Amino acid sequence: TGKMPIKTRVTEMLGIEHPIIMGGMTGTGTPELAAAVSNAGGLGLIAIHNAGTPEKARRDIRKLRLLCNGKPFGVNLTILPTMGEPPPYDDYARIIIEEGVKVVETAGSSPKKWVTLFKSAGIITIHKCIAIRHALSAEKYGVDIISLDGFECAGHPGEDDVGNFVLQARGAKVLTRPYICSGGVGDGKQIAAALALGADGVNCGTRFCATQECNWPSSFKQRMVEASELDTVLMLRRLQNTCRVFRNKVAAEVEEIESKAGDDFDFGMVVALVNGKRGREAEVMNDADGGIWSAGQVVGLIDSIPTCQELMDEMMTEAEETVCVRLRSLVSMGGPRIRSRL
């Protein structure tokens, strides 16, 4: 790690060494990956819905705590519309509180109910927002940290299509709580840029999926290394339920069906291609073209499959060098001119 650690409001609030959070991820957000991030100095989170049942959720939290050796960790609770019976959200929330989890990230629908519940239990809350208007609402509900999610992100970028260069700068203008830059982050220069724009840290998802500790098969990771920033697909746009996924054979097929159908597009036309069961089977078969898998535009920056510790050290060293060497050299060149104006 660099000799000049970067300290922000977020590192202080969460008690972490580096301003890097691994947000909740379906499938890949396992205790093993989250613990690897926490042990490397960031904050790792498990997505509690991965557990499937409340009993398994409790076991996952206990396993994560054990693997973290006293380092901070968190749990993600994502509230999303479902086709069938909704997950047992109330049970999950109760278990999070009973197990003494100290940090919770909420995502999906309005966090009011959950934030109120978690705050009353003394838990630090992070809420993922894809729009400034949602972030302002979350602040009203008492959320401690906003995760401001730009259009580059994997999964659900929303329908506003605002990239992080504008979104983060808007956050600096209007938000009062600390916020972290989420979506498209994969190297240290971007961490320095996020801090310059006003963020107090970053959230990485896709980048942590291309590490040794991630449970994705080798073929998925290799495809990310080979990919450019153009290798993602925005599917289900016409349903106002946009998902950014890796551009593989299945995603290209979905894109084509949606494009040809136009306004007549219906979810039933692609449900067999995009369902989670097919995705899980593709993972088991080590088949990167077998199903849909989420990935952000950051795949264009991924050129290695390190351990989480190696990745964290590399990103923080680059962030510190960017701030202390490159940016400082630019300022000192203009030093006398700035002084003369004061």
# chains A, B, ... in the order shown; residues from 1 in each chain; ligands from 1
>>> closest_atom_pairs(of="range 17-62 of chain A", to="range 77-85 of chain A", cutoff="9 Å", atoms="only C-alpha atoms", output="JSON lines")
{"residue": "A:Gly24", "atom": "CA", "partner": "A:Leu77", "partner_atom": "CA", "distance": 7.9}
{"residue": "A:Ile46", "atom": "CA", "partner": "A:Leu77", "partner_atom": "CA", "distance": 8.9}
{"residue": "A:Ala47", "atom": "CA", "partner": "A:Leu77", "partner_atom": "CA", "distance": 6.3}
{"residue": "A:Ile48", "atom": "CA", "partner": "A:Leu77", "partner_atom": "CA", "distance": 6.0}
{"residue": "A:His49", "atom": "CA", "partner": "A:Leu77", "partner_atom": "CA", "distance": 7.1}
>>> residues_around(residues="range 223-227 of chain A", least_positions_apart="2", cutoff="9 Å", atoms="only C-alpha atoms", output="ChimeraX atom specification")
/A:210,218-221,229-232,246,288,295,299-305
>>> closest_residue(among="A:Ile95, A:Cys209, A:Cys181, A:Ile130", to="Asp160 in chain A", atoms="only C-alpha atoms")
A:Ile130
>>> residues_around(residues="Leu148 in chain A", least_positions_apart="2", cutoff="8 Å", atoms="only C-alpha atoms", output="JSON, numbers by chain")
{"A": [128, 129, 130, 131, 132, 135, 146, 150, 167, 168, 171, 179, 180, 181, 182]}
>>> write_last_selection(atoms="N, CA and C atoms", output="PDB file, in the first residue's frame")
ATOM      1  N   LYS A 128     -28.210   3.002  -2.536  1.00  0.00           N
ATOM      2  CA  LYS A 128     -27.764   3.123  -3.926  1.00  0.00           C
ATOM      3  C   LYS A 128     -28.809   3.888  -4.727  1.00  0.00           C
ATOM      4  N   CYS A 129     -28.393   4.982  -5.368  1.00  0.00           N
ATOM      5  CA  CYS A 129     -29.305   5.842  -6.135  1.00  0.00           C
ATOM      6  C   CYS A 129     -28.763   6.058  -7.537  1.00  0.00           C
ATOM      7  N   ILE A 130     -29.652   6.000  -8.538  1.00  0.00           N
ATOM      8  CA  ILE A 130     -29.204   6.253  -9.914  1.00  0.00           C
ATOM      9  C   ILE A 130     -29.548   7.683 -10.355  1.00  0.00           C
ATOM     10  N   ALA A 131     -30.179   8.455  -9.467  1.00  0.00           N
ATOM     11  CA  ALA A 131     -30.570   9.821  -9.825  1.00  0.00           C
ATOM     12  C   ALA A 131     -30.438  10.736  -8.615  1.00  0.00           C
ATOM     13  N   ILE A 132     -30.143  12.001  -8.876  1.00  0.00           N
ATOM     14  CA  ILE A 132     -30.008  12.985  -7.805  1.00  0.00           C
ATOM     15  C   ILE A 132     -31.314  13.109  -7.008  1.00  0.00           C
ATOM     16  N   ALA A 135     -31.441  10.490  -4.513  1.00  0.00           N
ATOM     17  CA  ALA A 135     -30.434  10.726  -3.467  1.00  0.00           C
ATOM     18  C   ALA A 135     -30.932  11.757  -2.460  1.00  0.00           C
ATOM     19  N   ILE A 146     -24.629   8.056   0.522  1.00  0.00           N
ATOM     20  CA  ILE A 146     -25.288   7.805  -0.759  1.00  0.00           C
ATOM     21  C   ILE A 146     -24.305   7.107  -1.693  1.00  0.00           C
ATOM     22  N   GLY A 150     -23.741   5.787 -11.613  1.00  0.00           N
ATOM     23  CA  GLY A 150     -23.775   6.341 -12.969  1.00  0.00           C
ATOM     24  C   GLY A 150     -24.179   5.329 -14.033  1.00  0.00           C
ATOM     25  N   LEU A 167     -22.899  13.247 -13.067  1.00  0.00           N
ATOM     26  CA  LEU A 167     -23.647  12.817 -11.878  1.00  0.00           C
ATOM     27  C   LEU A 167     -22.889  13.116 -10.588  1.00  0.00           C
ATOM     28  N   GLN A 168     -21.593  12.791 -10.559  1.00  0.00           N
ATOM     29  CA  GLN A 168     -20.801  13.011  -9.335  1.00  0.00           C
ATOM     30  C   GLN A 168     -20.637  14.499  -9.050  1.00  0.00           C
ATOM     31  N   GLY A 171     -23.705  15.721  -7.551  1.00  0.00           N
ATOM     32  CA  GLY A 171     -23.753  15.301  -6.145  1.00  0.00           C
ATOM     33  C   GLY A 171     -23.039  16.306  -5.256  1.00  0.00           C
ATOM     34  N   TYR A 179     -21.053  10.920  -0.251  1.00  0.00           N
ATOM     35  CA  TYR A 179     -21.496   9.991  -1.290  1.00  0.00           C
ATOM     36  C   TYR A 179     -20.291   9.315  -1.924  1.00  0.00           C
ATOM     37  N   ILE A 180     -20.554   8.138  -2.484  1.00  0.00           N
ATOM     38  CA  ILE A 180     -19.491   7.405  -3.170  1.00  0.00           C
ATOM     39  C   ILE A 180     -19.862   7.257  -4.639  1.00  0.00           C
ATOM     40  N   CYS A 181     -18.834   7.226  -5.471  1.00  0.00           N
ATOM     41  CA  CYS A 181     -19.006   7.128  -6.919  1.00  0.00           C
ATOM     42  C   CYS A 181     -19.093   5.655  -7.319  1.00  0.00           C
ATOM     43  N   SER A 182     -20.218   5.295  -7.903  1.00  0.00           N
ATOM     44  CA  SER A 182     -20.455   3.899  -8.278  1.00  0.00           C
ATOM     45  C   SER A 182     -20.721   3.789  -9.774  1.00  0.00           C
TER      46      SER A 182
END
>>> residues_around(residues="Gln309 in chain A", least_positions_apart="6", cutoff="12 Å", atoms="only C-alpha atoms", output="count of residues only")
18
>>> residues_around(residues="range 111-113 of chain A", least_positions_apart="4", cutoff="7 Å", atoms="only C-alpha atoms", output="ChimeraX atom specification")
/A:106,117,138,141
>>> write_last_selection(atoms="N, CA and C atoms", output="JSON list (two decimals), in the first residue's frame")
[["chain", "number", "residue", "atom", "x", "y", "z"],
["A", 106, "THR", "N", -28.78, -0.48, 1.13],
["A", 106, "THR", "CA", -30.09, -0.78, 0.54],
["A", 106, "THR", "C", -30.08, -0.35, -0.92],
["A", 117, "LEU", "N", -35.89, 1.50, 10.07],
["A", 117, "LEU", "CA", -35.69, 0.28, 10.88],
["A", 117, "LEU", "C", -34.22, 0.11, 11.27],
["A", 138, "ALA", "N", -33.39, 10.08, -0.23],
["A", 138, "ALA", "CA", -32.69, 9.19, 0.72],
["A", 138, "ALA", "C", -32.08, 10.01, 1.86],
["A", 141, "TYR", "N", -34.65, 10.73, 4.42],
["A", 141, "TYR", "CA", -34.98, 9.58, 5.25],
["A", 141, "TYR", "C", -33.89, 9.28, 6.28]]
>>> closest_residue(among="A:Thr125, A:Ser147, A:Ser110, A:Gln190", to="Thr322 in chain A", atoms="only C-alpha atoms")
A:Gln190
>>> residues_around(residues="range 263-280 of chain A", least_positions_apart="2", cutoff="7 Å", atoms="only C-alpha atoms", output="count of residues only")
11
>>> select_by_dssp(residues="range 196-308 of chain A", states="strand (DSSP E or B)", output="list in words")
Val202, Asn203, Cys204, Thr232, Val233, Leu234, Met235, Cys243, Arg244, Val245, Phe246 and Ser294 of chain A
>>> select_by_dssp(residues="range 76-156 of chain A", states="alpha helix (DSSP H)", output="mmCIF file with C-alpha atoms, in the first residue's frame")
data_model
loop_
_atom_site.group_PDB
_atom_site.id
_atom_site.type_symbol
_atom_site.label_atom_id
_atom_site.label_comp_id
_atom_site.auth_asym_id
_atom_site.auth_seq_id
_atom_site.Cartn_x
_atom_site.Cartn_y
_atom_site.Cartn_z
ATOM 1 C CA TYR A 89 -37.367 -9.094 3.146
ATOM 2 C CA ASP A 90 -38.723 -8.593 6.677
ATOM 3 C CA ASP A 91 -37.014 -11.760 7.877
ATOM 4 C CA TYR A 92 -33.751 -10.714 6.239
ATOM 5 C CA ALA A 93 -33.929 -7.286 7.915
ATOM 6 C CA ARG A 94 -34.645 -8.860 11.307
ATOM 7 C CA ILE A 95 -31.669 -11.230 10.955
ATOM 8 C CA ILE A 96 -29.354 -8.363 9.920
ATOM 9 C CA ILE A 97 -30.293 -6.565 13.150
ATOM 10 C CA GLU A 98 -30.155 -9.684 15.342
ATOM 11 C CA LYS A 112 -37.749 4.790 3.874
ATOM 12 C CA LYS A 113 -39.110 1.754 5.747
ATOM 13 C CA TRP A 114 -35.763 -0.049 5.870
ATOM 14 C CA VAL A 115 -33.593 2.945 6.706
ATOM 15 C CA THR A 116 -35.893 3.863 9.613
ATOM 16 C CA LEU A 117 -35.693 0.284 10.879
ATOM 17 C CA PHE A 118 -31.895 -0.004 10.539
ATOM 18 C CA LYS A 119 -31.197 3.479 11.949
ATOM 19 C CA SER A 120 -33.250 2.646 15.070
ATOM 20 C CA ILE A 132 -30.008 12.985 -7.805
ATOM 21 C CA ARG A 133 -33.744 13.212 -6.981
ATOM 22 C CA HIS A 134 -33.576 9.745 -5.372
ATOM 23 C CA ALA A 135 -30.434 10.726 -3.467
ATOM 24 C CA LEU A 136 -32.142 13.828 -2.051
ATOM 25 C CA SER A 137 -35.090 11.682 -0.895
ATOM 26 C CA ALA A 138 -32.687 9.193 0.715
ATOM 27 C CA GLU A 139 -31.014 12.058 2.598
ATOM 28 C CA LYS A 140 -34.441 13.113 3.922
#
>>> residues_around(residues="range 151-156 of chain A", least_positions_apart="6", cutoff="6 Å", atoms="only C-alpha atoms", output="PyMOL selection string")
chain A and resi 162-163+183-184+242-244+294-297
>>> atom_distance(atom1="CA of Ala57 in chain A", atom2="CA of Pro31 in chain A")
10.5 Å
>>> atom_distance(atom1="CA of Ala121 in chain A", atom2="CA of Val174 in chain A")
28.1 Å
>>> closest_residue(among="A:Ile16, A:Gly29, A:Leu234, A:Lys260", to="Leu64 in chain A", atoms="only C-alpha atoms")
A:Gly29
